[in-house]
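J.: For reference, this is model_5.csv, and it has CSV, N, CA and C atoms.
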chain,number,residue,atom,x,y,z
A,18,MET,N,-63.0,95.9,-54.6
A,18,MET,CA,-63.5,94.6,-54.1
A,18,MET,C,-62.3,93.8,-53.5
A,19,ILE,N,-62.5,93.1,-52.5
A,19,ILE,CA,-61.5,92.3,-51.8
A,19,ILE,C,-62.1,90.8,-51.8
A,20,THR,N,-61.3,89.9,-52.3
A,20,THR,CA,-61.7,88.5,-52.2
A,20,THR,C,-60.5,87.7,-51.7
A,21,LEU,N,-60.8,86.5,-51.1
A,21,LEU,CA,-59.8,85.6,-50.6
A,21,LEU,C,-60.3,84.2,-51.2
A,22,THR,N,-59.3,83.5,-51.8
A,22,THR,CA,-59.6,82.3,-52.5
A,22,THR,C,-58.8,81.2,-51.9
A,23,HIS,N,-59.4,80.0,-51.5
A,23,HIS,CA,-58.7,78.9,-51.0
A,23,HIS,C,-59.3,77.6,-51.5
A,24,ASN,N,-58.5,76.8,-52.1
A,24,ASN,CA,-59.0,75.5,-52.7
A,24,ASN,C,-60.2,75.7,-53.6
A,25,GLY,N,-60.2,76.7,-54.4
A,25,GLY,CA,-61.3,76.9,-55.4
A,25,GLY,C,-62.5,77.6,-54.9
A,26,ILE,N,-62.5,77.9,-53.6
A,26,ILE,CA,-63.6,78.6,-53.0
A,26,ILE,C,-63.2,80.1,-52.8
A,27,THR,N,-64.1,81.0,-53.3
A,27,THR,CA,-63.8,82.4,-53.1
A,27,THR,C,-64.8,83.1,-52.2
A,28,LEU,N,-64.2,83.8,-51.2
A,28,LEU,CA,-65.0,84.6,-50.3
A,28,LEU,C,-64.9,86.1,-50.7
A,29,GLU,N,-66.0,86.8,-50.8
A,29,GLU,CA,-66.0,88.2,-51.0
A,29,GLU,C,-66.0,88.8,-49.6
A,30,LEU,N,-65.0,89.6,-49.4
A,30,LEU,CA,-64.8,90.3,-48.1
A,30,LEU,C,-65.3,91.8,-48.2
A,31,PRO,N,-65.6,92.4,-47.1
A,31,PRO,CA,-66.0,93.8,-47.2
A,31,PRO,C,-64.9,94.7,-47.9
A,32,GLY,N,-65.3,95.4,-48.9
A,32,GLY,CA,-64.4,96.3,-49.6
A,32,GLY,C,-63.7,97.4,-48.9
A,33,ASP,N,-64.2,97.7,-47.7
A,33,ASP,CA,-63.6,98.7,-46.9
A,33,ASP,C,-62.8,98.2,-45.7
A,34,LEU,N,-62.4,96.9,-45.8
A,34,LEU,CA,-61.4,96.5,-44.8
A,34,LEU,C,-60.2,97.3,-45.0
A,35,PHE,N,-59.5,97.7,-43.9
A,35,PHE,CA,-58.4,98.6,-44.0
A,35,PHE,C,-57.1,97.7,-43.8
A,36,TRP,N,-56.1,97.9,-44.7
A,36,TRP,CA,-54.8,97.2,-44.7
A,36,TRP,C,-53.9,98.1,-43.8
A,37,THR,N,-53.9,97.8,-42.5
A,37,THR,CA,-53.2,98.6,-41.5
A,37,THR,C,-51.7,98.7,-41.6
A,38,ASP,N,-51.1,97.7,-42.1
A,38,ASP,CA,-49.6,97.7,-42.2
A,38,ASP,C,-49.1,97.7,-43.6
A,39,ARG,N,-49.9,98.3,-44.5
A,39,ARG,CA,-49.5,98.3,-45.9
A,39,ARG,C,-48.1,99.0,-46.1
A,40,TYR,N,-47.9,100.1,-45.4
A,40,TYR,CA,-46.7,100.9,-45.7
A,40,TYR,C,-45.6,100.8,-44.6
A,41,SER,N,-45.8,99.8,-43.6
A,41,SER,CA,-44.8,99.7,-42.5
A,41,SER,C,-43.8,98.7,-42.8
A,42,TRP,N,-44.0,97.8,-43.7
A,42,TRP,CA,-43.0,96.7,-44.0
A,42,TRP,C,-41.9,97.2,-44.9
A,43,ARG,N,-40.7,96.8,-44.7
A,43,ARG,CA,-39.6,97.1,-45.5
A,43,ARG,C,-39.0,95.8,-46.1
A,44,SER,N,-38.8,95.8,-47.4
A,44,SER,CA,-38.2,94.6,-48.0
A,44,SER,C,-36.7,94.5,-47.9
A,45,VAL,N,-36.1,95.7,-47.6
A,45,VAL,CA,-34.6,95.7,-47.4
A,45,VAL,C,-34.3,95.6,-46.0
A,46,THR,N,-33.3,94.7,-45.6
A,46,THR,CA,-32.9,94.6,-44.3
A,46,THR,C,-31.4,94.9,-44.3
A,47,SER,N,-30.9,95.2,-43.1
A,47,SER,CA,-29.4,95.4,-43.0
A,47,SER,C,-29.0,95.1,-41.6
A,48,SER,N,-27.7,94.8,-41.5
A,48,SER,CA,-27.0,94.6,-40.2
A,48,SER,C,-25.7,95.4,-40.2
A,49,ALA,N,-25.4,96.0,-39.1
A,49,ALA,CA,-24.1,96.7,-39.0
A,49,ALA,C,-23.3,96.2,-37.9
A,50,GLU,N,-22.0,96.1,-38.1
A,50,GLU,CA,-21.1,95.5,-37.1
A,50,GLU,C,-19.8,96.1,-37.3
A,51,TYR,N,-19.1,96.4,-36.1
A,51,TYR,CA,-17.8,96.9,-36.2
A,51,TYR,C,-16.8,95.8,-36.1
A,52,THR,N,-15.7,95.9,-36.9
A,52,THR,CA,-14.6,94.9,-36.9
A,52,THR,C,-13.7,95.3,-35.7
A,53,LEU,N,-12.7,94.4,-35.5
A,53,LEU,CA,-11.7,94.6,-34.4
A,53,LEU,C,-10.9,95.9,-34.7
A,54,THR,N,-10.8,96.3,-35.9
A,54,THR,CA,-10.0,97.5,-36.2
A,54,THR,C,-10.9,98.8,-36.1
A,55,GLY,N,-12.2,98.6,-35.8
A,55,GLY,CA,-13.1,99.8,-35.7
A,55,GLY,C,-13.8,100.1,-37.0
A,56,ALA,N,-13.5,99.4,-38.1
A,56,ALA,CA,-14.2,99.7,-39.3
A,56,ALA,C,-15.7,99.2,-39.2
A,57,LEU,N,-16.6,99.9,-39.8
A,57,LEU,CA,-18.0,99.5,-39.9
A,57,LEU,C,-18.3,98.7,-41.1
A,58,VAL,N,-18.9,97.5,-40.9
A,58,VAL,CA,-19.3,96.7,-42.0
A,58,VAL,C,-20.8,96.6,-42.0
A,59,VAL,N,-21.4,97.0,-43.1
A,59,VAL,CA,-22.8,97.0,-43.2
A,59,VAL,C,-23.2,96.0,-44.3
A,60,GLU,N,-24.1,95.1,-44.0
A,60,GLU,CA,-24.6,94.1,-45.0
A,60,GLU,C,-26.0,94.4,-45.2
A,61,TYR,N,-26.4,94.3,-46.5
A,61,TYR,CA,-27.8,94.5,-46.9
A,61,TYR,C,-28.4,93.3,-47.5
A,62,ASP,N,-29.7,93.1,-47.4
A,62,ASP,CA,-30.3,91.9,-48.0
A,62,ASP,C,-31.7,92.3,-48.4
A,63,GLN,N,-32.3,91.6,-49.4
A,63,GLN,CA,-33.6,91.8,-49.9
A,63,GLN,C,-34.5,90.7,-49.4
A,64,ARG,N,-35.5,90.9,-48.6
A,64,ARG,CA,-36.4,89.9,-48.2
A,64,ARG,C,-37.2,89.3,-49.4
A,65,GLN,N,-37.4,88.0,-49.4
A,65,GLN,CA,-38.1,87.4,-50.5
A,65,GLN,C,-39.6,87.2,-50.2
A,66,ALA,N,-40.0,87.2,-49.0
A,66,ALA,CA,-41.4,86.9,-48.6
A,66,ALA,C,-41.6,87.3,-47.2
A,67,GLY,N,-42.9,87.2,-46.7
A,67,GLY,CA,-43.2,87.5,-45.3
A,67,GLY,C,-43.8,88.8,-45.1
A,68,ARG,N,-44.1,89.6,-46.1
A,68,ARG,CA,-44.8,90.9,-45.9
A,68,ARG,C,-46.1,90.7,-45.2
A,69,PRO,N,-46.3,91.4,-44.0
A,69,PRO,CA,-47.6,91.2,-43.3
A,69,PRO,C,-48.7,92.0,-44.1
A,70,ILE,N,-49.8,91.4,-44.1
A,70,ILE,CA,-51.1,92.0,-44.6
A,70,ILE,C,-52.1,91.8,-43.5
A,71,THR,N,-52.4,92.9,-42.8
A,71,THR,CA,-53.4,92.9,-41.7
A,71,THR,C,-54.6,93.6,-42.2
A,72,LEU,N,-55.7,93.0,-42.3
A,72,LEU,CA,-56.9,93.6,-42.8
A,72,LEU,C,-57.9,93.7,-41.6
A,73,GLU,N,-58.3,94.9,-41.4
A,73,GLU,CA,-59.2,95.2,-40.2
A,73,GLU,C,-60.4,95.9,-40.5
A,74,GLY,N,-61.5,95.5,-39.8
A,74,GLY,CA,-62.7,96.2,-39.8
A,74,GLY,C,-62.8,96.9,-38.4
A,75,ASP,N,-63.8,97.7,-38.3
A,75,ASP,CA,-64.0,98.3,-36.9
A,75,ASP,C,-65.5,98.5,-36.7
A,76,THR,N,-65.9,99.2,-35.7
A,76,THR,CA,-67.3,99.3,-35.3
A,76,THR,C,-68.1,100.1,-36.3
A,77,THR,N,-67.5,100.8,-37.2
A,77,THR,CA,-68.3,101.7,-38.1
A,77,THR,C,-68.2,101.2,-39.6
A,78,ARG,N,-67.4,100.2,-39.9
A,78,ARG,CA,-67.2,99.8,-41.3
A,78,ARG,C,-66.7,98.4,-41.4
A,79,ALA,N,-66.8,97.8,-42.6
A,79,ALA,CA,-66.2,96.5,-42.9
A,79,ALA,C,-66.8,95.4,-42.1
A,80,TRP,N,-68.1,95.4,-41.9
A,80,TRP,CA,-68.7,94.2,-41.2
A,80,TRP,C,-68.9,93.1,-42.2
A,81,MET,N,-68.9,91.9,-41.7
A,81,MET,CA,-69.2,90.7,-42.5
A,81,MET,C,-70.2,89.8,-41.7
A,82,ASP,N,-70.8,88.9,-42.4
A,82,ASP,CA,-71.8,88.0,-41.7
A,82,ASP,C,-71.0,86.9,-41.1
A,83,ARG,N,-71.6,86.3,-40.1
A,83,ARG,CA,-71.0,85.2,-39.3
A,83,ARG,C,-70.7,84.0,-40.2
A,84,ALA,N,-71.4,83.8,-41.2
A,84,ALA,CA,-71.1,82.6,-42.1
A,84,ALA,C,-69.8,82.8,-42.8
A,85,THR,N,-69.5,84.0,-43.2
A,85,THR,CA,-68.2,84.3,-43.8
A,85,THR,C,-67.1,84.1,-42.8
A,86,ALA,N,-67.3,84.6,-41.6
A,86,ALA,CA,-66.3,84.5,-40.5
A,86,ALA,C,-66.1,83.0,-40.1
A,87,ASP,N,-67.2,82.2,-40.2
A,87,ASP,CA,-67.0,80.8,-39.9
A,87,ASP,C,-66.1,80.1,-41.0
A,88,THR,N,-66.3,80.5,-42.2
A,88,THR,CA,-65.4,80.0,-43.3
A,88,THR,C,-64.0,80.4,-43.1
A,89,LEU,N,-63.8,81.7,-42.8
A,89,LEU,CA,-62.4,82.2,-42.5
A,89,LEU,C,-61.8,81.4,-41.3
A,90,GLN,N,-62.6,81.1,-40.3
A,90,GLN,CA,-62.1,80.4,-39.1
A,90,GLN,C,-61.6,79.0,-39.5
A,91,ALA,N,-62.4,78.3,-40.4
A,91,ALA,CA,-62.1,77.0,-40.8
A,91,ALA,C,-60.8,77.0,-41.6
A,92,TRP,N,-60.6,78.1,-42.5
A,92,TRP,CA,-59.4,78.2,-43.3
A,92,TRP,C,-58.2,78.5,-42.4
A,93,ALA,N,-58.4,79.3,-41.3
A,93,ALA,CA,-57.3,79.6,-40.4
A,93,ALA,C,-56.9,78.4,-39.6
A,94,ASN,N,-57.8,77.4,-39.4
A,94,ASN,CA,-57.5,76.2,-38.7
A,94,ASN,C,-56.9,75.1,-39.6
A,95,THR,N,-56.6,75.5,-40.9
A,95,THR,CA,-55.9,74.6,-41.8
A,95,THR,C,-54.5,74.9,-41.9
A,96,PRO,N,-53.6,74.0,-41.4
A,96,PRO,CA,-52.1,74.3,-41.4
A,96,PRO,C,-51.6,74.6,-42.8
A,97,ALA,N,-50.8,75.6,-42.9
A,97,ALA,CA,-50.1,75.9,-44.2
A,97,ALA,C,-51.1,76.2,-45.3
A,98,ALA,N,-52.2,76.7,-45.1
A,98,ALA,CA,-53.2,77.1,-46.1
A,98,ALA,C,-52.7,78.2,-47.0
A,99,VAL,N,-52.5,78.0,-48.2
A,99,VAL,CA,-52.1,79.0,-49.2
A,99,VAL,C,-53.3,79.5,-49.9
A,100,MET,N,-53.5,80.8,-49.9
A,100,MET,CA,-54.7,81.5,-50.5
A,100,MET,C,-54.2,82.6,-51.4
A,101,GLN,N,-55.2,83.0,-52.2
A,101,GLN,CA,-55.0,84.1,-53.1
A,101,GLN,C,-55.9,85.3,-52.6
A,102,LEU,N,-55.2,86.4,-52.4
A,102,LEU,CA,-55.9,87.6,-51.9
A,102,LEU,C,-56.0,88.6,-53.1
A,103,ASP,N,-57.2,89.0,-53.4
A,103,ASP,CA,-57.3,90.1,-54.4
A,103,ASP,C,-57.7,91.3,-53.7
A,104,TRP,N,-56.8,92.2,-53.6
A,104,TRP,CA,-57.0,93.5,-52.9
A,104,TRP,C,-57.2,94.6,-53.9
A,105,HIS,N,-58.5,94.9,-54.3
A,105,HIS,CA,-58.8,95.9,-55.2
A,105,HIS,C,-58.0,95.8,-56.5
A,106,GLY,N,-57.8,94.6,-57.0
A,106,GLY,CA,-57.1,94.5,-58.3
A,106,GLY,C,-55.7,94.0,-58.1
A,107,GLU,N,-55.1,94.1,-57.0
A,107,GLU,CA,-53.7,93.6,-56.7
A,107,GLU,C,-53.9,92.1,-56.2
A,108,THR,N,-53.1,91.2,-56.8
A,108,THR,CA,-53.1,89.8,-56.3
A,108,THR,C,-51.9,89.5,-55.5
A,109,HIS,N,-52.2,88.8,-54.3
A,109,HIS,CA,-51.1,88.4,-53.4
A,109,HIS,C,-51.4,87.0,-53.0
A,110,THR,N,-50.3,86.2,-53.0
A,110,THR,CA,-50.4,84.8,-52.5
A,110,THR,C,-50.0,84.9,-51.0
A,111,VAL,N,-50.9,84.4,-50.2
A,111,VAL,CA,-50.8,84.7,-48.7
A,111,VAL,C,-51.1,83.4,-47.9
A,112,GLU,N,-50.6,83.4,-46.7
A,112,GLU,CA,-50.9,82.4,-45.7
A,112,GLU,C,-51.3,83.2,-44.4
A,113,TRP,N,-51.8,82.4,-43.5
A,113,TRP,CA,-52.2,83.0,-42.2
A,113,TRP,C,-50.9,83.3,-41.4
A,114,ARG,N,-50.9,84.4,-40.6
A,114,ARG,CA,-49.8,84.7,-39.7
A,114,ARG,C,-50.2,84.1,-38.3
A,115,HIS,N,-50.0,82.8,-38.1
A,115,HIS,CA,-50.4,82.2,-36.9
A,115,HIS,C,-49.7,82.7,-35.7
A,116,SER,N,-48.4,83.1,-35.9
A,116,SER,CA,-47.6,83.7,-34.8
A,116,SER,C,-48.2,84.9,-34.2
A,117,ASP,N,-49.1,85.6,-35.0
A,117,ASP,CA,-49.7,86.8,-34.5
A,117,ASP,C,-51.2,86.7,-34.3
A,118,GLY,N,-51.7,85.4,-34.3
A,118,GLY,CA,-53.1,85.2,-33.9
A,118,GLY,C,-54.0,84.9,-35.1
A,119,ALA,N,-53.5,85.1,-36.3
A,119,ALA,CA,-54.2,84.7,-37.6
A,119,ALA,C,-55.6,85.4,-37.8
A,120,LEU,N,-56.6,85.2,-36.9
A,120,LEU,CA,-57.9,85.8,-37.1
A,120,LEU,C,-58.6,86.1,-35.8
A,121,ASP,N,-59.1,87.3,-35.7
A,121,ASP,CA,-59.9,87.7,-34.6
A,121,ASP,C,-61.3,88.1,-35.1
A,122,VAL,N,-62.3,87.6,-34.4
A,122,VAL,CA,-63.7,87.9,-34.8
A,122,VAL,C,-64.5,88.3,-33.6
A,123,ARG,N,-65.2,89.4,-33.6
A,123,ARG,CA,-66.1,89.8,-32.5
A,123,ARG,C,-67.4,90.3,-33.1
A,124,ALA,N,-68.5,90.1,-32.3
A,124,ALA,CA,-69.8,90.5,-32.8
A,124,ALA,C,-69.9,92.0,-32.8
A,125,VAL,N,-70.7,92.5,-33.8
A,125,VAL,CA,-71.0,93.9,-33.7
A,125,VAL,C,-71.9,94.2,-32.6
A,126,ARG,N,-72.9,93.3,-32.4
A,126,ARG,CA,-73.8,93.3,-31.3
A,126,ARG,C,-74.1,91.9,-30.9
A,127,GLU,N,-73.9,91.5,-29.7
A,127,GLU,CA,-74.1,90.1,-29.3
A,127,GLU,C,-75.5,89.8,-29.2
A,128,LEU,N,-76.0,88.9,-30.0
A,128,LEU,CA,-77.4,88.4,-30.0
A,128,LEU,C,-77.4,86.9,-29.8
A,129,LEU,N,-78.3,86.5,-29.0
A,129,LEU,CA,-78.5,85.0,-28.8
A,129,LEU,C,-79.9,84.6,-29.2
A,130,PRO,N,-80.1,83.6,-29.8
A,130,PRO,CA,-79.1,82.6,-30.3
A,130,PRO,C,-78.4,83.2,-31.5
A,131,HIS,N,-77.2,82.7,-31.8
A,131,HIS,CA,-76.4,83.2,-33.0
A,131,HIS,C,-77.0,82.8,-34.3
A,132,ASP,N,-76.9,83.6,-35.3
A,132,ASP,CA,-77.4,83.3,-36.6
A,132,ASP,C,-76.3,83.6,-37.6
A,133,THR,N,-76.2,82.8,-38.7
A,133,THR,CA,-75.2,83.0,-39.7
A,133,THR,C,-75.2,84.4,-40.4
A,134,ALA,N,-76.4,85.1,-40.2
A,134,ALA,CA,-76.5,86.4,-40.8
A,134,ALA,C,-76.1,87.5,-39.9
A,135,ASP,N,-75.8,87.2,-38.6
A,135,ASP,CA,-75.3,88.2,-37.6
A,135,ASP,C,-74.1,88.9,-38.2
A,136,ARG,N,-73.9,90.1,-37.9
A,136,ARG,CA,-72.8,90.9,-38.3
A,136,ARG,C,-71.7,90.8,-37.3
A,137,VAL,N,-70.4,90.7,-37.9
A,137,VAL,CA,-69.2,90.6,-37.0
A,137,VAL,C,-68.2,91.5,-37.6
A,138,ILE,N,-67.2,91.8,-36.8
A,138,ILE,CA,-66.0,92.6,-37.1
A,138,ILE,C,-64.8,91.7,-37.1
A,139,ALA,N,-64.0,91.6,-38.2
A,139,ALA,CA,-62.9,90.7,-38.2
A,139,ALA,C,-61.6,91.4,-38.5
A,140,THR,N,-60.5,90.8,-37.9
A,140,THR,CA,-59.2,91.2,-38.3
A,140,THR,C,-58.5,90.0,-38.8
A,141,LEU,N,-58.0,90.1,-40.0
A,141,LEU,CA,-57.3,89.0,-40.7
A,141,LEU,C,-55.8,89.3,-40.7
A,142,ARG,N,-55.0,88.4,-40.2
A,142,ARG,CA,-53.5,88.6,-40.1
A,142,ARG,C,-52.9,87.6,-41.1
A,143,LEU,N,-52.5,88.1,-42.3
A,143,LEU,CA,-51.9,87.3,-43.3
A,143,LEU,C,-50.5,87.7,-43.6
A,144,MET,N,-49.8,86.9,-44.4
A,144,MET,CA,-48.5,87.3,-44.9
A,144,MET,C,-48.3,86.8,-46.3
A,145,GLU,N,-47.6,87.6,-47.1
A,145,GLU,CA,-47.2,87.1,-48.4
A,145,GLU,C,-46.3,86.0,-48.4
A,146,THR,N,-46.4,85.1,-49.3
A,146,THR,CA,-45.5,84.0,-49.4
A,146,THR,C,-44.7,84.1,-50.7
A,147,ASP,N,-43.8,83.3,-50.9
A,147,ASP,CA,-42.9,83.4,-52.2
A,147,ASP,C,-43.4,82.5,-53.2
A,148,GLU,N,-44.6,81.9,-53.1
A,148,GLU,CA,-45.1,80.9,-54.1
A,148,GLU,C,-45.7,81.7,-55.3
Represent the structure from my file as structure tokens, please.
T.:
Amino acid sequence: MITLTHNGITLELPGDLFWTDRYSWRSVTSSAEYTLTGALVVEYDQRQAGRPITLEGDTTRAWMDRATADTLQAWANTPAAVMQLDWHGETHTVEWRHSDGALDVRAVRELLPHDTADRVIATLRLMETDE
């Protein structure tokens, strides 16, 4: 099960949303520089926060209703919104990655007029915080 909680409100998200960048982030960073004598100086550091968490649905799985997407949109439009993500038992404190677009939603099938029960496909772009 996947849930996202903000200000005491918990949304249940589709359990088959895929965490696309789960294994691409590295917490260790380094920089390498040569000195005037030609010696190599390598510095390492451990990142404290900022791990991206991109959750994606597609045309065959992880659909949600428009009402859930509307709530996500409202949360994404709240500056510095801190949320709790429960990813199948793992808890992460997250914020929206606004620099990468935060949230994309598209209809599975465009129907007019729109209804809150219409199915949509969403991509949530979050990042872990150090809180």
J.: By how many Å are atom C of Asp75 in chain A and atom C of Leu28 in chain A apart?
T.: 18.7 Å
J.: For Trp36 in chain A, which residue out of A:Gly118, A:Gly55, A:Gly106, A:Gly74 is the nearest one, using all atoms listed in the file?
T.: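 That would be A:Gly74, the residue with the smallest distance to Trp36 in chain A.
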J.: In Å, rounded to a single decimal, give me how far CA of His23 in chain A is from CA of Val99 in chain A.
T.: 6.8 Å
J.: Would you mind reading off the distance between CA of Asp135 in chain A and atom N of Arg114 in chain A, one decimal, in Å?
T.: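 We find that CA of Asp135 in chain A and atom N of Arg114 in chain A lie 24.9 Å from each other.
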J.: Counting all atoms listed in the file, what is within 8 Å of Arg83 in chain A, bar same-chain residues fewer than 4 positions away, as a list in words?
T.: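 In the requested format, the answer is Asp87, Thr88, Leu89, Asp132, Thr133, Ala134, Asp135, Arg136, Val137 and Ile138 of chain A.
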J.: Give the strand (DSSP E or B) residues of chain A, as assigned by DSSP on the backbone, as a PyMOL selection string.
T.: chain A and resi 19-23+26-30+35-36+45-51+57-63+69-73+75+78+80-82+100-104+107-113+120-124+136-145
J.: Using all atoms listed in the file, which of A:Asp38, A:Glu50, A:Glu127, A:Asp82 sits nearest Pro69 in chain A?
T.: A:Asp38
J.: For Leu72 in chain A, find every residue with an atom within 6 Å (counting all atoms listed in the file), except residues of its own chain fewer than 4 positions away, and show them as a list in words.
T.: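 So the residues in contact are Leu34, Phe35, Trp36, Thr37, Ala139, Thr140, Leu141, Arg142 and Leu143 of chain A.
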J.: So that I can check the secondary structure, give me every residue of chain A assigned alpha helix (DSSP H) by backbone DSSP, as a PyMOL selection string.
T.: chain A and resi 83-93
J.: When you count all atoms listed in the file, which of these residues is closest to Ser47 in chain A: A:Ala84, A:Asn94, A:Leu30, A:Asp62?
T.: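 Closest candidate: A:Asp62.
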J.: Hey, could you patch up range 74-94 of chain A with N, CA, C and O atoms and hand it over as a PDB file, keeping the file's coordinate frame?
T.:
ATOM      1  N   GLY A  74     -61.500  95.500 -39.800  1.00  0.00           N
ATOM      2  CA  GLY A  74     -62.700  96.200 -39.800  1.00  0.00           C
ATOM      3  C   GLY A  74     -62.800  96.900 -38.400  1.00  0.00           C
ATOM      4  O   GLY A  74     -61.974  96.732 -37.573  1.00  0.00           O
ATOM      5  N   ASP A  75     -63.800  97.700 -38.300  1.00  0.00           N
ATOM      6  CA  ASP A  75     -64.000  98.300 -36.900  1.00  0.00           C
ATOM      7  C   ASP A  75     -65.500  98.500 -36.700  1.00  0.00           C
ATOM      8  O   ASP A  75     -66.353  98.036 -37.486  1.00  0.00           O
ATOM      9  N   THR A  76     -65.900  99.200 -35.700  1.00  0.00           N
ATOM     10  CA  THR A  76     -67.300  99.300 -35.300  1.00  0.00           C
ATOM     11  C   THR A  76     -68.100 100.100 -36.300  1.00  0.00           C
ATOM     12  O   THR A  76     -69.362 100.053 -36.193  1.00  0.00           O
ATOM     13  N   THR A  77     -67.500 100.800 -37.200  1.00  0.00           N
ATOM     14  CA  THR A  77     -68.300 101.700 -38.100  1.00  0.00           C
ATOM     15  C   THR A  77     -68.200 101.200 -39.600  1.00  0.00           C
ATOM     16  O   THR A  77     -68.940 101.738 -40.404  1.00  0.00           O
ATOM     17  N   ARG A  78     -67.400 100.200 -39.900  1.00  0.00           N
ATOM     18  CA  ARG A  78     -67.200  99.800 -41.300  1.00  0.00           C
ATOM     19  C   ARG A  78     -66.700  98.400 -41.400  1.00  0.00           C
ATOM     20  O   ARG A  78     -66.223  97.818 -40.391  1.00  0.00           O
ATOM     21  N   ALA A  79     -66.800  97.800 -42.600  1.00  0.00           N
ATOM     22  CA  ALA A  79     -66.200  96.500 -42.900  1.00  0.00           C
ATOM     23  C   ALA A  79     -66.800  95.400 -42.100  1.00  0.00           C
ATOM     24  O   ALA A  79     -66.087  94.447 -41.711  1.00  0.00           O
ATOM     25  N   TRP A  80     -68.100  95.400 -41.900  1.00  0.00           N
ATOM     26  CA  TRP A  80     -68.700  94.200 -41.200  1.00  0.00           C
ATOM     27  C   TRP A  80     -68.900  93.100 -42.200  1.00  0.00           C
ATOM     28  O   TRP A  80     -69.052  93.314 -43.391  1.00  0.00           O
ATOM     29  N   MET A  81     -68.900  91.900 -41.700  1.00  0.00           N
ATOM     30  CA  MET A  81     -69.200  90.700 -42.500  1.00  0.00           C
ATOM     31  C   MET A  81     -70.200  89.800 -41.700  1.00  0.00           C
ATOM     32  O   MET A  81     -70.404  90.028 -40.538  1.00  0.00           O
ATOM     33  N   ASP A  82     -70.800  88.900 -42.400  1.00  0.00           N
ATOM     34  CA  ASP A  82     -71.800  88.000 -41.700  1.00  0.00           C
ATOM     35  C   ASP A  82     -71.000  86.900 -41.100  1.00  0.00           C
ATOM     36  O   ASP A  82     -69.849  86.589 -41.389  1.00  0.00           O
ATOM     37  N   ARG A  83     -71.600  86.300 -40.100  1.00  0.00           N
ATOM     38  CA  ARG A  83     -71.000  85.200 -39.300  1.00  0.00           C
ATOM     39  C   ARG A  83     -70.700  84.000 -40.200  1.00  0.00           C
ATOM     40  O   ARG A  83     -69.670  83.343 -39.920  1.00  0.00           O
ATOM     41  N   ALA A  84     -71.400  83.800 -41.200  1.00  0.00           N
ATOM     42  CA  ALA A  84     -71.100  82.600 -42.100  1.00  0.00           C
ATOM     43  C   ALA A  84     -69.800  82.800 -42.800  1.00  0.00           C
ATOM     44  O   ALA A  84     -68.980  81.868 -42.898  1.00  0.00           O
ATOM     45  N   THR A  85     -69.500  84.000 -43.200  1.00  0.00           N
ATOM     46  CA  THR A  85     -68.200  84.300 -43.800  1.00  0.00           C
ATOM     47  C   THR A  85     -67.100  84.100 -42.800  1.00  0.00           C
ATOM     48  O   THR A  85     -66.022  83.541 -43.042  1.00  0.00           O
ATOM     49  N   ALA A  86     -67.300  84.600 -41.600  1.00  0.00           N
ATOM     50  CA  ALA A  86     -66.300  84.500 -40.500  1.00  0.00           C
ATOM     51  C   ALA A  86     -66.100  83.000 -40.100  1.00  0.00           C
ATOM     52  O   ALA A  86     -64.975  82.591 -39.850  1.00  0.00           O
ATOM     53  N   ASP A  87     -67.200  82.200 -40.200  1.00  0.00           N
ATOM     54  CA  ASP A  87     -67.000  80.800 -39.900  1.00  0.00           C
ATOM     55  C   ASP A  87     -66.100  80.100 -41.000  1.00  0.00           C
ATOM     56  O   ASP A  87     -65.291  79.258 -40.626  1.00  0.00           O
ATOM     57  N   THR A  88     -66.300  80.500 -42.200  1.00  0.00           N
ATOM     58  CA  THR A  88     -65.400  80.000 -43.300  1.00  0.00           C
ATOM     59  C   THR A  88     -64.000  80.400 -43.100  1.00  0.00           C
ATOM     60  O   THR A  88     -63.049  79.579 -43.193  1.00  0.00           O
ATOM     61  N   LEU A  89     -63.800  81.700 -42.800  1.00  0.00           N
ATOM     62  CA  LEU A  89     -62.400  82.200 -42.500  1.00  0.00           C
ATOM     63  C   LEU A  89     -61.800  81.400 -41.300  1.00  0.00           C
ATOM     64  O   LEU A  89     -60.604  81.042 -41.352  1.00  0.00           O
ATOM     65  N   GLN A  90     -62.600  81.100 -40.300  1.00  0.00           N
ATOM     66  CA  GLN A  90     -62.100  80.400 -39.100  1.00  0.00           C
ATOM     67  C   GLN A  90     -61.600  79.000 -39.500  1.00  0.00           C
ATOM     68  O   GLN A  90     -60.591  78.478 -39.112  1.00  0.00           O
ATOM     69  N   ALA A  91     -62.400  78.300 -40.400  1.00  0.00           N
ATOM     70  CA  ALA A  91     -62.100  77.000 -40.800  1.00  0.00           C
ATOM     71  C   ALA A  91     -60.800  77.000 -41.600  1.00  0.00           C
ATOM     72  O   ALA A  91     -59.891  76.178 -41.486  1.00  0.00           O
ATOM     73  N   TRP A  92     -60.600  78.100 -42.500  1.00  0.00           N
ATOM     74  CA  TRP A  92     -59.400  78.200 -43.300  1.00  0.00           C
ATOM     75  C   TRP A  92     -58.200  78.500 -42.400  1.00  0.00           C
ATOM     76  O   TRP A  92     -57.103  77.981 -42.575  1.00  0.00           O
ATOM     77  N   ALA A  93     -58.400  79.300 -41.300  1.00  0.00           N
ATOM     78  CA  ALA A  93     -57.300  79.600 -40.400  1.00  0.00           C
ATOM     79  C   ALA A  93     -56.900  78.400 -39.600  1.00  0.00           C
ATOM     80  O   ALA A  93     -55.785  78.335 -39.085  1.00  0.00           O
ATOM     81  N   ASN A  94     -57.800  77.400 -39.400  1.00  0.00           N
ATOM     82  CA  ASN A  94     -57.500  76.200 -38.700  1.00  0.00           C
ATOM     83  C   ASN A  94     -56.900  75.100 -39.600  1.00  0.00           C
ATOM     84  O   ASN A  94     -56.733  73.981 -39.209  1.00  0.00           O
TER      85      ASN A  94
END
